[in-house]
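Structure file start29.pdb (PDB, C-alpha atoms) is printed below.
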```
MODEL        1
ATOM      1  CA  MET A1091      76.145  48.996 158.564
ATOM      2  CA  PRO A1092      76.482  49.324 154.785
ATOM      3  CA  ALA A1093      76.133  52.787 153.335
ATOM      4  CA  ILE A1094      72.886  53.279 151.437
ATOM      5  CA  ALA A1095      73.366  54.478 147.867
ATOM      6  CA  THR A1096      71.938  57.909 147.154
ATOM      7  CA  PRO A1097      70.043  58.640 143.915
ATOM      8  CA  LEU A1098      73.075  60.604 142.755
ATOM      9  CA  GLU A1099      75.350  57.620 143.309
ATOM     10  CA  LEU A1100      72.941  55.344 141.456
ATOM     11  CA  GLU A1101      72.833  57.821 138.588
ATOM     12  CA  GLN A1102      76.597  57.458 138.100
ATOM     13  CA  HIS A1103      76.039  53.889 136.925
ATOM     14  CA  ARG A1104      73.789  54.955 134.053
ATOM     15  CA  PRO A1105      76.424  54.767 131.243
ATOM     16  CA  TYR A1106      77.490  51.300 132.367
ATOM     17  CA  LEU A1107      73.891  50.067 132.509
ATOM     18  CA  LEU A1108      73.148  51.580 129.129
ATOM     19  CA  ARG A1109      76.051  49.742 127.551
ATOM     20  CA  PHE A1110      74.757  46.471 128.965
ATOM     21  CA  ALA A1111      71.195  47.141 127.804
ATOM     22  CA  LEU A1112      72.302  48.207 124.319
ATOM     23  CA  LEU A1113      74.235  44.999 123.748
ATOM     24  CA  GLN A1114      71.084  43.002 124.451
ATOM     25  CA  LEU A1115      68.401  45.236 122.922
ATOM     26  CA  ARG A1116      70.263  46.940 120.026
ATOM     27  CA  ASP A1117      67.769  49.752 120.191
ATOM     28  CA  ARG A1118      68.761  52.994 121.846
ATOM     29  CA  SER A1119      65.348  54.159 123.005
ATOM     30  CA  ALA A1120      64.364  50.702 124.300
ATOM     31  CA  ALA A1121      67.701  50.497 126.126
ATOM     32  CA  GLU A1122      67.293  53.964 127.624
ATOM     33  CA  ASP A1123      63.785  53.065 128.791
ATOM     34  CA  ALA A1124      65.010  49.888 130.464
ATOM     35  CA  VAL A1125      67.811  51.778 132.225
ATOM     36  CA  GLN A1126      65.454  54.541 133.319
ATOM     37  CA  GLU A1127      63.030  52.011 134.801
ATOM     38  CA  THR A1128      65.925  50.266 136.501
ATOM     39  CA  LEU A1129      67.161  53.429 138.180
ATOM     40  CA  LEU A1130      63.653  54.358 139.280
ATOM     41  CA  ALA A1131      63.097  50.901 140.736
ATOM     42  CA  ALA A1132      66.486  51.110 142.442
ATOM     43  CA  ILE A1133      65.724  54.477 144.031
ATOM     44  CA  GLN A1134      62.391  53.169 145.302
ATOM     45  CA  GLY A1135      63.896  49.919 146.532
ATOM     46  CA  VAL A1136      67.181  51.222 147.866
ATOM     47  CA  SER A1137      66.323  50.124 151.407
ATOM     48  CA  GLN A1138      66.202  46.527 150.137
ATOM     49  CA  PHE A1139      69.758  46.715 148.933
ATOM     50  CA  ALA A1140      71.519  44.570 151.500
ATOM     51  CA  GLY A1141      75.038  45.622 150.652
ATOM     52  CA  GLN A1142      76.098  42.004 150.107
ATOM     53  CA  SER A1143      76.943  42.641 146.474
ATOM     54  CA  SER A1144      78.221  45.801 144.857
ATOM     55  CA  VAL A1145      75.675  48.442 143.888
ATOM     56  CA  ARG A1146      76.548  47.756 140.266
ATOM     57  CA  THR A1147      75.794  44.023 140.533
ATOM     58  CA  TRP A1148      72.526  44.831 142.241
ATOM     59  CA  LEU A1149      71.580  47.289 139.472
ATOM     60  CA  ILE A1150      72.467  44.775 136.733
ATOM     61  CA  GLY A1151      70.181  42.264 138.452
ATOM     62  CA  ILE A1152      67.261  44.712 138.225
ATOM     63  CA  LEU A1153      68.188  45.692 134.670
ATOM     64  CA  LYS A1154      68.051  42.060 133.498
ATOM     65  CA  HIS A1155      64.399  41.856 134.531
ATOM     66  CA  LYS A1156      63.614  45.114 132.732
ATOM     67  CA  ILE A1157      65.347  43.869 129.585
ATOM     68  CA  VAL A1158      63.380  40.616 129.589
ATOM     69  CA  ASP A1159      60.171  42.674 129.907
ATOM     70  CA  SER A1160      61.265  44.758 126.937
ATOM     71  CA  VAL A1161      62.124  41.700 124.814
ATOM     72  CA  ARG A1162      58.708  40.209 125.646
ATOM     73  CA  LYS A1163      56.989  43.386 124.551
ATOM     74  CA  THR A1164      58.767  43.604 121.197
ATOM     75  CA  SER A1165      58.410  39.913 120.383
ATOM     76  CA  ARG A1166      54.669  40.258 120.934
ATOM     77  CA  GLU A1167      54.598  43.134 118.480
ATOM     78  CA  GLN A1168      56.686  41.411 115.824
ATOM     79  CA  PRO A1169      55.077  39.100 113.263
ATOM     80  CA  VAL A1170      55.855  35.426 113.704
ATOM     81  CA  GLU A1171      58.531  34.106 111.390
ATOM     82  CA  SER A1172      58.124  30.489 110.522
ATOM     83  CA  PHE A1173      61.258  29.714 108.545
ATOM     84  CA  GLU A1174      63.283  26.684 109.540
ATOM     85  CA  ASP A1175      66.860  27.673 110.283
ATOM     86  CA  ARG A1176      69.184  24.853 109.310
ATOM     87  CA  GLY A1177      72.307  26.881 109.672
ATOM     88  CA  GLU A1178      73.428  26.511 106.052
ATOM     89  CA  ASP A1179      75.596  29.608 106.317
ATOM     90  CA  LEU A1180      77.734  27.689 108.793
ATOM     91  CA  ASP A1181      79.073  25.580 105.919
ATOM     92  CA  ALA A1182      81.619  28.320 105.244
ATOM     93  CA  PHE A1183      83.398  27.465 108.488
ATOM     94  CA  PHE A1184      83.903  23.818 107.489
ATOM     95  CA  SER A1185      85.326  21.929 104.531
ATOM     96  CA  GLU A1186      83.165  19.464 102.626
ATOM     97  CA  ASP A1187      84.465  16.500 104.608
ATOM     98  CA  GLY A1188      83.439  18.220 107.868
ATOM     99  CA  HIS A1189      86.826  19.476 109.050
ATOM    100  CA  PHE A1190      87.320  23.056 110.218
ATOM    101  CA  ALA A1191      88.126  25.211 107.183
ATOM    102  CA  GLU A1192      90.482  27.078 109.498
ATOM    103  CA  ALA A1193      91.405  25.121 112.602
ATOM    104  CA  PRO A1194      91.071  27.018 115.898
ATOM    105  CA  GLN A1195      94.390  28.456 117.016
ATOM    106  CA  GLN A1196      95.961  28.597 120.449
ATOM    107  CA  TRP A1197      94.819  31.704 122.344
ATOM    108  CA  ALA A1198      97.372  33.518 124.465
ATOM    109  CA  SER A1199      96.238  33.806 128.116
ATOM    110  CA  PRO A1200      92.517  34.375 127.454
ATOM    111  CA  GLU A1201      91.754  34.955 131.146
ATOM    112  CA  ARG A1202      93.944  38.035 131.131
ATOM    113  CA  SER A1203      91.791  39.492 128.357
ATOM    114  CA  LEU A1204      88.902  39.601 130.822
ATOM    115  CA  GLU A1205      90.801  42.296 132.722
ATOM    116  CA  GLN A1206      91.072  44.508 129.662
ATOM    117  CA  GLY A1207      88.352  46.948 128.672
ATOM    118  CA  ARG A1208      89.468  46.795 125.056
ATOM    119  CA  PHE A1209      88.757  43.084 124.911
ATOM    120  CA  PHE A1210      85.097  43.798 125.667
ATOM    121  CA  GLU A1211      85.020  46.403 122.919
ATOM    122  CA  ALA A1212      86.304  43.758 120.484
ATOM    123  CA  LEU A1213      83.616  41.383 121.793
ATOM    124  CA  GLU A1214      80.944  44.027 121.184
ATOM    125  CA  ARG A1215      82.112  44.542 117.609
ATOM    126  CA  CYS A1216      81.994  40.797 116.967
ATOM    127  CA  LEU A1217      78.487  40.580 118.434
ATOM    128  CA  GLN A1218      77.326  43.483 116.297
ATOM    129  CA  ALA A1219      78.523  41.626 113.187
ATOM    130  CA  LEU A1220      76.081  38.769 113.894
ATOM    131  CA  PRO A1221      72.572  38.685 112.394
ATOM    132  CA  ALA A1222      70.256  40.542 114.797
ATOM    133  CA  LYS A1223      68.173  37.560 115.833
ATOM    134  CA  THR A1224      71.218  35.330 116.294
ATOM    135  CA  ALA A1225      72.854  37.941 118.504
ATOM    136  CA  ARG A1226      69.670  38.336 120.489
ATOM    137  CA  ALA A1227      69.318  34.598 121.123
ATOM    138  CA  PHE A1228      72.974  34.417 122.143
ATOM    139  CA  THR A1229      72.909  37.369 124.524
ATOM    140  CA  MET A1230      69.652  36.124 126.077
ATOM    141  CA  ARG A1231      71.436  32.852 126.747
ATOM    142  CA  GLU A1232      74.859  34.077 127.853
ATOM    143  CA  LEU A1233      74.370  37.661 129.018
ATOM    144  CA  MET A1234      70.997  37.211 130.689
ATOM    145  CA  GLY A1235      71.458  33.573 131.606
ATOM    146  CA  LEU A1236      68.032  32.454 130.333
ATOM    147  CA  GLU A1237      67.283  28.805 129.567
ATOM    148  CA  THR A1238      66.871  27.747 125.931
ATOM    149  CA  GLU A1239      63.150  26.962 126.397
ATOM    150  CA  GLU A1240      62.478  30.511 127.520
ATOM    151  CA  ILE A1241      64.480  32.001 124.630
ATOM    152  CA  CYS A1242      62.545  29.931 122.069
ATOM    153  CA  LYS A1243      59.303  31.081 123.602
ATOM    154  CA  GLU A1244      60.262  34.754 123.600
ATOM    155  CA  LEU A1245      61.649  34.672 120.052
ATOM    156  CA  ARG A1246      58.885  32.334 118.865
ATOM    157  CA  ILE A1247      61.203  29.822 117.273
ATOM    158  CA  SER A1248      61.496  26.063 117.632
ATOM    159  CA  THR A1249      63.971  24.559 120.078
ATOM    160  CA  SER A1250      66.136  23.177 117.280
ATOM    161  CA  ASN A1251      66.183  26.609 115.614
ATOM    162  CA  CYS A1252      67.350  28.019 118.887
ATOM    163  CA  TRP A1253      70.207  25.515 119.169
ATOM    164  CA  VAL A1254      71.305  26.270 115.609
ATOM    165  CA  MET A1255      71.285  29.993 116.338
ATOM    166  CA  LEU A1256      73.350  29.589 119.490
ATOM    167  CA  TYR A1257      75.745  27.311 117.625
ATOM    168  CA  ARG A1258      76.110  29.835 114.807
ATOM    169  CA  ALA A1259      76.739  32.604 117.312
ATOM    170  CA  ARG A1260      79.475  30.634 119.068
ATOM    171  CA  VAL A1261      81.207  29.529 115.870
ATOM    172  CA  SER A1262      81.119  33.072 114.461
ATOM    173  CA  LEU A1263      82.154  34.821 117.657
ATOM    174  CA  ARG A1264      84.977  32.387 118.275
ATOM    175  CA  ALA A1265      86.378  32.982 114.788
ATOM    176  CA  CYS A1266      85.850  36.750 115.012
ATOM    177  CA  LEU A1267      87.596  37.090 118.389
ATOM    178  CA  GLU A1268      90.437  34.917 117.186
ATOM    179  CA  GLN A1269      91.012  37.150 114.173
ATOM    180  CA  THR A1270      90.356  40.556 115.657
ATOM    181  CA  TRP A1271      91.749  40.034 119.139
ATOM    182  CA  PHE A1272      93.826  36.952 119.872
ATOM    183  CA  LEU A1273      95.782  36.792 116.611
ATOM    184  CA  ALA A1274      95.794  40.541 116.078
ATOM    185  CA  GLY A1275      98.275  40.911 118.910
ATOM    186  CA  SER A1276      95.809  42.900 121.005
ATOM    187  CA  ALA A1277      95.747  40.214 123.672
ATOM    188  CA  ARG A1278      99.480  40.455 124.229
ATOM    189  CA  ASN A1279     100.044  44.162 123.796
ATOM    190  CA  GLY A1280      96.845  45.588 125.256
TER
ATOM    191  CA  MET B 852      74.977  10.449 112.248
ATOM    192  CA  ALA B 853      77.837   8.016 111.693
ATOM    193  CA  LEU B 854      79.661   6.468 114.623
ATOM    194  CA  ARG B 855      82.650   8.693 114.021
ATOM    195  CA  LEU B 856      81.863  12.359 114.227
ATOM    196  CA  SER B 857      83.267  15.006 111.926
ATOM    197  CA  CYS B 858      84.514  18.264 113.433
ATOM    198  CA  LYS B 859      81.369  19.914 112.138
ATOM    199  CA  GLU B 860      79.149  17.452 113.998
ATOM    200  CA  ALA B 861      81.364  17.457 117.081
ATOM    201  CA  SER B 862      81.461  21.250 117.372
ATOM    202  CA  ARG B 863      77.685  21.338 117.064
ATOM    203  CA  LEU B 864      77.348  18.831 119.905
ATOM    204  CA  ILE B 865      79.842  20.828 121.986
ATOM    205  CA  SER B 866      77.642  23.880 121.519
ATOM    206  CA  GLU B 867      74.365  22.034 122.170
ATOM    207  CA  GLY B 868      75.898  20.507 125.276
ATOM    208  CA  MET B 869      75.993  24.037 126.675
ATOM    209  CA  ASP B 870      72.239  24.409 126.140
ATOM    210  CA  ARG B 871      70.783  20.958 126.756
ATOM    211  CA  ARG B 872      71.731  17.661 128.335
ATOM    212  CA  LEU B 873      73.341  15.437 125.699
ATOM    213  CA  SER B 874      72.279  11.791 125.449
ATOM    214  CA  VAL B 875      74.690   9.106 126.566
ATOM    215  CA  PRO B 876      75.531   7.989 122.982
ATOM    216  CA  GLU B 877      76.108  11.629 122.022
ATOM    217  CA  ARG B 878      78.451  12.124 124.943
ATOM    218  CA  ILE B 879      80.394   8.964 124.173
ATOM    219  CA  ARG B 880      80.846   9.839 120.508
ATOM    220  CA  LEU B 881      81.808  13.375 121.415
ATOM    221  CA  ARG B 882      84.388  12.215 123.925
ATOM    222  CA  LEU B 883      85.889   9.793 121.413
ATOM    223  CA  HIS B 884      86.232  12.575 118.874
ATOM    224  CA  VAL B 885      87.480  15.342 121.151
ATOM    225  CA  GLY B 886      89.972  12.958 122.712
ATOM    226  CA  ILE B 887      91.882  12.715 119.456
ATOM    227  CA  CYS B 888      91.047  16.077 117.869
ATOM    228  CA  ASP B 889      93.151  19.111 118.703
ATOM    229  CA  ALA B 890      90.882  21.520 116.790
ATOM    230  CA  CYS B 891      87.752  20.456 118.689
ATOM    231  CA  THR B 892      89.603  20.500 122.016
ATOM    232  CA  LYS B 893      90.474  24.143 121.354
ATOM    233  CA  PHE B 894      86.973  24.881 120.102
ATOM    234  CA  SER B 895      85.507  23.418 123.275
ATOM    235  CA  SER B 896      87.643  25.446 125.667
ATOM    236  CA  GLN B 897      87.206  28.614 123.601
ATOM    237  CA  VAL B 898      83.406  28.507 123.568
ATOM    238  CA  ALA B 899      83.546  27.852 127.326
ATOM    239  CA  PHE B 900      85.709  30.975 127.560
ATOM    240  CA  LEU B 901      83.068  32.883 125.540
ATOM    241  CA  ARG B 902      80.552  32.006 128.234
ATOM    242  CA  ARG B 903      82.850  33.357 130.949
ATOM    243  CA  ALA B 904      83.482  36.503 128.898
ATOM    244  CA  LEU B 905      79.765  37.252 128.594
ATOM    245  CA  LYS B 906      79.361  36.663 132.338
ATOM    246  CA  ALA B 907      82.072  39.255 132.919
ATOM    247  CA  TYR B 908      80.536  41.773 130.488
ATOM    248  CA  PRO B 909      80.905  44.815 130.335
ATOM    249  CA  GLY B 910      84.256  44.065 131.864
ATOM    250  CA  PRO B 911      86.510  45.932 134.238
ATOM    251  CA  ASP B 912      85.144  49.057 135.763
ATOM    252  CA  GLU B 913      87.377  51.778 134.419
ATOM    253  CA  SER B 914      85.090  54.708 135.127
ATOM    254  CA  ASP B 915      85.568  54.842 138.868
ATOM    255  CA  GLY B 916      88.388  53.738 141.084
ATOM    256  CA  ARG B 917      86.403  51.596 143.508
TER
ENDMDL
END
```
Could I get this file's structure written as structure tokens?
Amino acid sequence: MPAIATPLELEQHRPYLLRFALLQLRDRSAAEDAVQETLLAAIQGVSQFAGQSSVRTWLIGILKHKIVDSVRKTSREQPVESFEDRGEDLDAFFSEDGHFAEAPQQWASPERSLEQGRFFEALERCLQALPAKTARAFTMRELMGLETEEICKELRISTSNCWVMLYRARVSLRACLEQTWFLAGSARNG
Amino acid sequence: MALRLSCKEASRLISEGMDRRLSVPERIRLRLHVGICDACTKFSSQVAFLRRALKAYPGPDESDGR
């Protein structure tokens, strides 16, 4: 029989959950609220925890729902922006004839980076350098695993805007990680 | 969009292919380009790696030994 997590054990995951929530929400009090609600829900629902996954994975699952609720709330409160995002700023990454301005380089054993805490810190810094809305669309897609249609709805943007934003995020993050992690020697030495 | 894609167009399709189902002509043109383009081959595997990295976020658990 799997051991049931006590409130004290659940509490130990708070810093980890907060880091996850902050990356998505970028707002400390909103992130703290989401984590607080997650821990409360976990304490109330601890008997439903089947022990098939780790406690941490279970908590992240609850947290994702709380984050989506929070995003919904703020996007309702924000005025609708109706600009058409054509991704003009992406031109900097390409030459006029459509080639990469700087061709992607070979990355040394990227999978090994996933075992290094410092890699994720570099990833966070690169995400923080993105425009807020671009980062939000990207983390909703890749961190929360939402479908594009849902992201467009929550952020109140058109589908093509959404694709441009996700494209911008990937192009920028790829270049940023290459410079600050893979070519900086961190991947090999870290 | 011309028959032959530029890297700019190809990388955009690579990205959109992660968010929607590409049409058959799009997939054919993309495959023709990526097949001969080293930069876009790298781009493609690196953005796929980005997806795996975000799935693994916040990374290894270094706070407790379990």
I'd like a table as a Markdown table: residues in chain A with an atom no more than 6 Å from chain B, each row giving the shortest atom pair and its distance in Å to one decimal, all atoms listed in the file counted, sorted by chain and rising residue number.
```
| residue | atom | partner | partner_atom | distance |
| --- | --- | --- | --- | --- |
| A:Gly1188 | CA | B:Lys859 | CA | 5.0 |
| A:His1189 | CA | B:Cys858 | CA | 5.1 |
| A:Ala1193 | CA | B:Ala890 | CA | 5.5 |
| A:Pro1194 | CA | B:Ala890 | CA | 5.6 |
| A:Glu1205 | CA | B:Pro911 | CA | 5.8 |
| A:Gly1207 | CA | B:Gly910 | CA | 5.9 |
| A:Glu1232 | CA | B:Leu905 | CA | 5.9 |
| A:Leu1233 | CA | B:Leu905 | CA | 5.4 |
| A:Tyr1257 | CA | B:Ser866 | CA | 5.5 |
```
Practice task
Enumerate, as a PyMOL selection string, the residues matched when the PyMOL selection byres ((chain A and resi 1224-1229) around 8) is run on the file above.
Solution key: (chain A and resi 1113-1115+1217-1218+1220-1223+1230-1234+1241+1245+1252+1255-1256+1258-1259) or (chain B and resi 905)
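Relative to CA of Cys888 (chain B), CA of Ala1274 (chain A) is found at 25.0 Å.
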Exercise for the section: Evaluate the PyMOL selection byres ((chain A and resi 1153) around 9) and record the selected residues as a PyMOL selection string, following the chain and residue labels used in the document. Expected result: chain A and resi 1107+1110-1111+1124-1125+1127-1129+1148-1152+1154-1158
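Straight-line separation from CA of Gln1206 (chain A) to CA of Leu1273 (chain A): 15.9 Å.
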If I wrap all listed atoms of region 1145-1155 of chain A in a box with edges along x, y and z and add 8 Å on each side, what are its centre and edge lengths in Å to one decimal, as lines of an AutoDock Vina configuration file?
```
center_x = 70.5
center_y = 45.1
center_z = 138.7
size_x = 28.1
size_y = 22.6
size_z = 26.4
```
Practice task
Using all atoms listed in the file, pick whichever of A:Glu1192, A:Glu1214, A:Glu1201, A:Glu1099 has the shortest atom-to-atom distance to Leu1263 (chain A).
Solution key: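 Of A:Glu1192, A:Glu1214, A:Glu1201, A:Glu1099, the one nearest Leu1263 (chain A), counting all atoms listed in the file, is A:Glu1214.
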Problem - Interatomic distance (Å, one decimal) between CA of Asp1187 (chain A) and CA of Cys1216 (chain A) - result: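 Spanning CA of Asp1187 (chain A) to CA of Cys1216 (chain A) is a straight-line distance of 27.4 Å.
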Problem - Residues returned when the PyMOL selection byres ((chain B and resi 854) around 12) runs on this file, as a VMD selection string - result: chain B and resid 852 to 853 855 to 857 860 to 861 876 to 884
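Taking all atoms listed in the file into account, Val1254 (chain A) lies nearest to A:Asp1179 out of the set A:Ser1144, A:Asp1179, A:Trp1197, A:Arg1109.
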Practice task
Give the answer as one residue: which of A:Phe1190, A:Glu1101, A:Ser1160, A:Cys1242 has the shortest atom-to-atom distance to Ala1265 (chain A), using all atoms listed in the file?
Solution key: A:Phe1190
